[in-house]
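Raw data22.txt, compact mmCIF, C-alpha atoms (C1' of nucleotides):
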```
# COMPACT_ATOMS: atom_id res chain seq x y z
CA MET A 1 -29.97 -6.70 -30.48
CA ALA A 2 -33.58 -6.08 -29.53
CA ASP A 3 -34.20 -5.38 -25.90
CA ARG A 4 -35.62 -8.26 -23.96
CA CYS A 5 -38.20 -8.01 -21.23
CA TRP A 6 -37.99 -9.53 -17.78
CA LEU A 7 -39.87 -9.85 -14.54
CA MET A 8 -37.81 -9.68 -11.37
CA LYS A 9 -39.22 -10.62 -7.98
CA THR A 10 -38.48 -9.17 -4.61
CA GLU A 11 -40.11 -9.25 -1.23
CA PRO A 12 -41.06 -5.66 -0.43
CA ASP A 13 -40.32 -6.22 3.26
CA VAL A 14 -36.72 -6.96 2.29
CA TYR A 15 -36.20 -4.72 -0.73
CA GLY A 16 -39.06 -3.00 -2.48
CA PHE A 17 -39.45 -0.77 -5.49
CA ALA A 18 -39.30 2.31 -3.24
CA ASP A 19 -35.85 1.20 -2.10
CA LEU A 20 -34.66 1.04 -5.69
CA MET A 21 -36.04 4.50 -6.46
CA ALA A 22 -34.31 5.83 -3.34
CA ALA A 23 -30.92 4.47 -4.38
CA PRO A 24 -28.35 6.79 -5.97
CA ASP A 25 -29.22 7.27 -9.65
CA GLN A 26 -32.20 4.99 -8.87
CA THR A 27 -29.77 2.17 -9.53
CA ASP A 28 -28.73 -0.77 -7.39
CA ILE A 29 -27.12 -4.17 -7.63
CA TRP A 30 -29.33 -7.25 -7.96
CA ASP A 31 -27.30 -9.70 -5.92
CA GLY A 32 -28.04 -12.90 -4.09
CA ILE A 33 -29.47 -14.87 -7.01
CA ARG A 34 -28.72 -18.52 -6.24
CA ASN A 35 -30.75 -20.42 -8.76
CA TYR A 36 -29.08 -21.78 -11.88
CA GLN A 37 -31.85 -20.95 -14.30
CA ALA A 38 -32.00 -17.37 -13.07
CA ARG A 39 -28.20 -17.22 -13.10
CA ASN A 40 -28.16 -18.28 -16.73
CA PHE A 41 -30.62 -15.54 -17.66
CA ILE A 42 -28.43 -12.97 -15.94
CA ARG A 43 -25.17 -14.23 -17.35
CA ASP A 44 -26.23 -15.17 -20.86
CA ASP A 45 -29.30 -13.20 -21.85
CA MET A 46 -29.50 -9.90 -20.02
CA SER A 47 -28.18 -6.73 -21.62
CA PRO A 48 -28.18 -3.10 -20.56
CA GLY A 49 -31.44 -1.50 -21.64
CA ASP A 50 -33.56 -4.61 -21.23
CA LYS A 51 -36.91 -3.79 -19.69
CA VAL A 52 -37.94 -5.06 -16.28
CA LEU A 53 -41.24 -5.47 -14.47
CA PHE A 54 -40.52 -5.08 -10.77
CA TYR A 55 -42.66 -7.61 -8.92
CA HIS A 56 -43.45 -7.79 -5.21
CA SER A 57 -43.91 -11.32 -3.89
CA ARG A 58 -44.82 -12.62 -0.44
CA CYS A 59 -47.17 -9.77 0.23
CA ASP A 60 -50.92 -9.30 0.04
CA PRO A 61 -51.72 -9.12 -2.75
CA PRO A 62 -48.61 -9.94 -4.77
CA HIS A 63 -48.29 -7.35 -7.53
CA VAL A 64 -46.22 -5.59 -10.16
CA ALA A 65 -45.04 -2.33 -8.64
CA GLY A 66 -42.82 -0.59 -11.13
CA ALA A 67 -40.89 -0.43 -14.36
CA ALA A 68 -37.11 -0.70 -14.39
CA GLU A 69 -34.29 -1.55 -16.75
CA VAL A 70 -31.13 -3.56 -16.75
CA ALA A 71 -28.31 -1.08 -16.16
CA SER A 72 -25.15 -3.16 -16.56
CA SER A 73 -23.78 -6.31 -18.08
CA ALA A 74 -23.38 -9.39 -15.89
CA GLN A 75 -20.65 -9.31 -13.30
CA PRO A 76 -19.64 -11.84 -10.64
CA ASP A 77 -21.77 -11.40 -7.53
CA PRO A 78 -19.29 -10.37 -4.81
CA THR A 79 -21.43 -11.79 -2.00
CA GLN A 80 -20.50 -15.32 -3.08
CA PHE A 81 -16.92 -14.69 -1.91
CA ASP A 82 -17.85 -13.14 1.44
CA PRO A 83 -17.95 -15.68 4.29
CA ALA A 84 -20.00 -13.23 6.33
CA SER A 85 -22.71 -12.99 3.68
CA ARG A 86 -25.78 -15.17 3.76
CA TYR A 87 -25.11 -15.66 0.05
CA TYR A 88 -21.59 -17.00 0.59
CA ASP A 89 -20.77 -19.98 -1.60
CA PRO A 90 -17.61 -21.84 -0.55
CA LYS A 91 -17.62 -23.78 -3.82
CA SER A 92 -17.22 -20.64 -5.87
CA SER A 93 -13.98 -18.78 -6.53
CA PRO A 94 -12.97 -15.53 -8.21
CA GLU A 95 -11.24 -17.62 -10.89
CA ALA A 96 -14.44 -19.54 -11.58
CA PRO A 97 -17.34 -17.52 -10.24
CA ARG A 98 -20.59 -19.40 -10.06
CA TRP A 99 -23.05 -16.55 -9.48
CA PHE A 100 -23.66 -13.34 -11.35
CA MET A 101 -25.55 -10.13 -10.92
CA VAL A 102 -26.53 -7.06 -12.90
CA ARG A 103 -27.31 -3.53 -11.90
CA VAL A 104 -30.93 -2.45 -12.19
CA ARG A 105 -32.25 1.08 -12.63
CA GLY A 106 -35.74 2.07 -11.55
CA ILE A 107 -37.66 4.01 -14.18
CA ARG A 108 -41.00 4.79 -12.58
CA ALA A 109 -43.64 3.40 -10.28
CA LEU A 110 -46.68 2.21 -12.16
CA GLU A 111 -49.70 4.54 -12.16
CA ARG A 112 -51.25 1.81 -10.06
CA THR A 113 -50.01 -1.59 -9.01
CA VAL A 114 -51.30 -4.60 -10.92
CA SER A 115 -52.07 -7.61 -8.76
CA LEU A 116 -51.28 -11.23 -9.52
CA ALA A 117 -55.01 -11.96 -9.52
CA GLU A 118 -55.47 -9.38 -12.29
CA LEU A 119 -52.61 -10.88 -14.28
CA LYS A 120 -54.18 -14.32 -13.98
CA ALA A 121 -57.59 -13.03 -15.00
CA ASN A 122 -56.35 -11.36 -18.18
CA GLN A 123 -56.48 -13.75 -21.12
CA ARG A 124 -54.04 -11.61 -23.03
CA LEU A 125 -51.46 -12.73 -20.48
CA ASP A 126 -52.04 -16.45 -20.94
CA GLY A 127 -48.71 -18.21 -20.68
CA MET A 128 -47.02 -15.50 -18.65
CA LEU A 129 -44.78 -17.41 -16.28
CA VAL A 130 -45.63 -15.50 -13.14
CA THR A 131 -49.26 -16.58 -13.43
CA ARG A 132 -48.32 -20.24 -13.26
CA ARG A 133 -48.95 -22.12 -10.07
CA GLY A 134 -45.76 -23.12 -8.29
CA GLN A 135 -43.58 -20.89 -10.43
CA ARG A 136 -40.64 -19.90 -8.24
CA LEU A 137 -38.17 -18.45 -10.70
CA SER A 138 -37.10 -15.07 -9.36
CA ILE A 139 -36.08 -13.83 -12.80
CA GLN A 140 -38.43 -14.61 -15.65
CA PRO A 141 -38.39 -13.76 -19.35
CA VAL A 142 -41.51 -11.85 -20.39
CA ASP A 143 -42.96 -11.53 -23.90
CA HIS A 144 -42.95 -8.02 -25.31
CA ALA A 145 -46.72 -8.19 -25.77
CA HIS A 146 -47.18 -9.28 -22.17
CA PHE A 147 -44.89 -6.55 -20.91
CA ASP A 148 -46.83 -3.90 -22.81
CA GLU A 149 -50.13 -5.31 -21.66
CA VAL A 150 -49.13 -5.07 -17.99
CA LEU A 151 -48.15 -1.43 -18.46
CA ARG A 152 -51.43 -0.80 -20.24
CA MET A 153 -53.35 -2.34 -17.33
CA ALA A 154 -51.49 -0.07 -14.93
CA SER A 155 -52.55 2.96 -16.96
CA GLU A 156 -56.22 2.09 -16.62
CA PRO A 157 -58.35 2.26 -13.49
CA THR A 158 -59.47 -1.01 -11.96
C1' DG B 1 -48.53 -19.26 9.54
C1' DC B 2 -49.56 -23.20 6.49
C1' DC B 3 -48.20 -26.09 3.12
C1' DA B 4 -47.91 -27.34 -2.05
C1' DA B 5 -44.58 -27.05 -5.34
C1' DC B 6 -40.17 -27.03 -6.59
C1' DG B 7 -34.83 -27.19 -6.80
C1' DT B 8 -30.86 -29.18 -4.68
C1' DT B 9 -28.24 -32.53 -2.16
C1' DG B 10 -26.21 -36.73 -1.18
C1' DG B 11 -26.50 -41.79 -0.16
C1' DC B 12 -26.53 -45.72 -2.60
C1' DG C 1 -27.74 -41.75 -12.30
C1' DC C 2 -31.77 -42.51 -9.33
C1' DC C 3 -34.59 -40.71 -6.02
C1' DA C 4 -35.73 -39.79 -1.01
C1' DA C 5 -34.94 -36.26 2.08
C1' DC C 6 -34.46 -31.71 2.81
C1' DG C 7 -34.72 -26.61 2.48
C1' DT C 8 -36.87 -22.76 0.24
C1' DT C 9 -40.30 -20.12 -2.25
C1' DG C 10 -44.36 -17.77 -2.29
C1' DG C 11 -49.54 -17.87 -2.83
C1' DC C 12 -53.13 -18.22 0.06
```
Please lay out the structure from this file as structure tokens.
Amino acid sequence: MADRCWLMKTEPDVYGFADLMAAPDQTDIWDGIRNYQARNFIRDDMSPGDKVLFYHSRCDPPHVAGAAEVASSAQPDPTQFDPASRYYDPKSSPEAPRWFMVRVRGIRALERTVSLAELKANQRLDGMLVTRRGQRLSIQPVDHAHFDEVLRMASEPT
DNA sequence: GCCAACGTTGGC
DNA sequence: GCCAACGTTGGC
């Protein structure tokens, strides 16, 4: 199966690309997803080797920071069973887990970050979900062409 | 920090 | 099953 491309959002104040690169084997779990659409992407569509744009939201300016890849198949997110976790979900059970996660491996920081404003200004990226107003999905499918274009932008000076 | 946009919840 | 109320996301 051909590798898919994704964009995954984080708030750099909470967990940024540098944190991923500092993790053992540059790999970490992507837990805490509590949105059904994003859950379905994780559970049904993500495979090891899929490419990932690592996006920093809630910062100024929001931007794509790095390239990563999906490093595992979907597994139940253990935080849903932990009453002490902020991601605890009393309606979930190990027999019928509601939430899933994958592991993600950082590949490299981009040569330069690419801001949301730049993404919006590039007509080649028309239709890219992250450029849409009000788009809150924390995991988004990305077209191959769009993925490559973002990397190309990062390889060129502003 | 504000607030528009959105997803979820729950009363009916 | 509708939809108002609520909580959250995330750009600005």
Worksheet item: Got a sec: who's within 8 Å of Pro141 of chain A, counting all atoms listed in the file, leaving out chain neighbours fewer than 2 positions off, as a PyMOL selection string?
Response: chain A and resi 4-7+129+139+143
Which residues of chain B have any atom within 9 Å of an atom in chain C when counting only C-alpha atoms (C1' of nucleotides), and what is the closest pair of atoms for each, with the distance in Å to one decimal? Order the rows by chain and rising number and write it as CSV.
```
residue,atom,partner,partner_atom,distance
B:DC2,C1',C:DC12,C1',8.9
B:DA5,C1',C:DT9,C1',8.7
B:DC6,C1',C:DT9,C1',8.2
B:DG7,C1',C:DT8,C1',8.6
B:DT8,C1',C:DG7,C1',8.5
B:DT9,C1',C:DC6,C1',8.0
```
Practice prompt. Could you pull out every residue with an atom within 12 Å of (-46.1, -18.4, -8.8), file coordinates, counting all atoms listed in the file, and send them as a ChimeraX atom specification?
Written response: /A:9,55-58,62-63,116-117,119-120,128-140 /B:4-6 /C:9-12
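The interatomic distance for the pair atom CA of Glu149 of chain A and atom CA of Ala67 of chain A works out to 12.7 Å.
Here atom CA of Arg112 of chain A stands at a distance of 7.1 Å from atom CA of Ser155 of chain A.
When atom CA of Gly32 of chain A is paired with atom CA of Asp3 of chain A, their separation reads 23.9 Å.
Closest approach to chain C from the set A:Asp60, A:Asp126, A:Asp28, A:Asp19 is made by A:Asp60, with distances taken over only C-alpha atoms (C1' of nucleotides).
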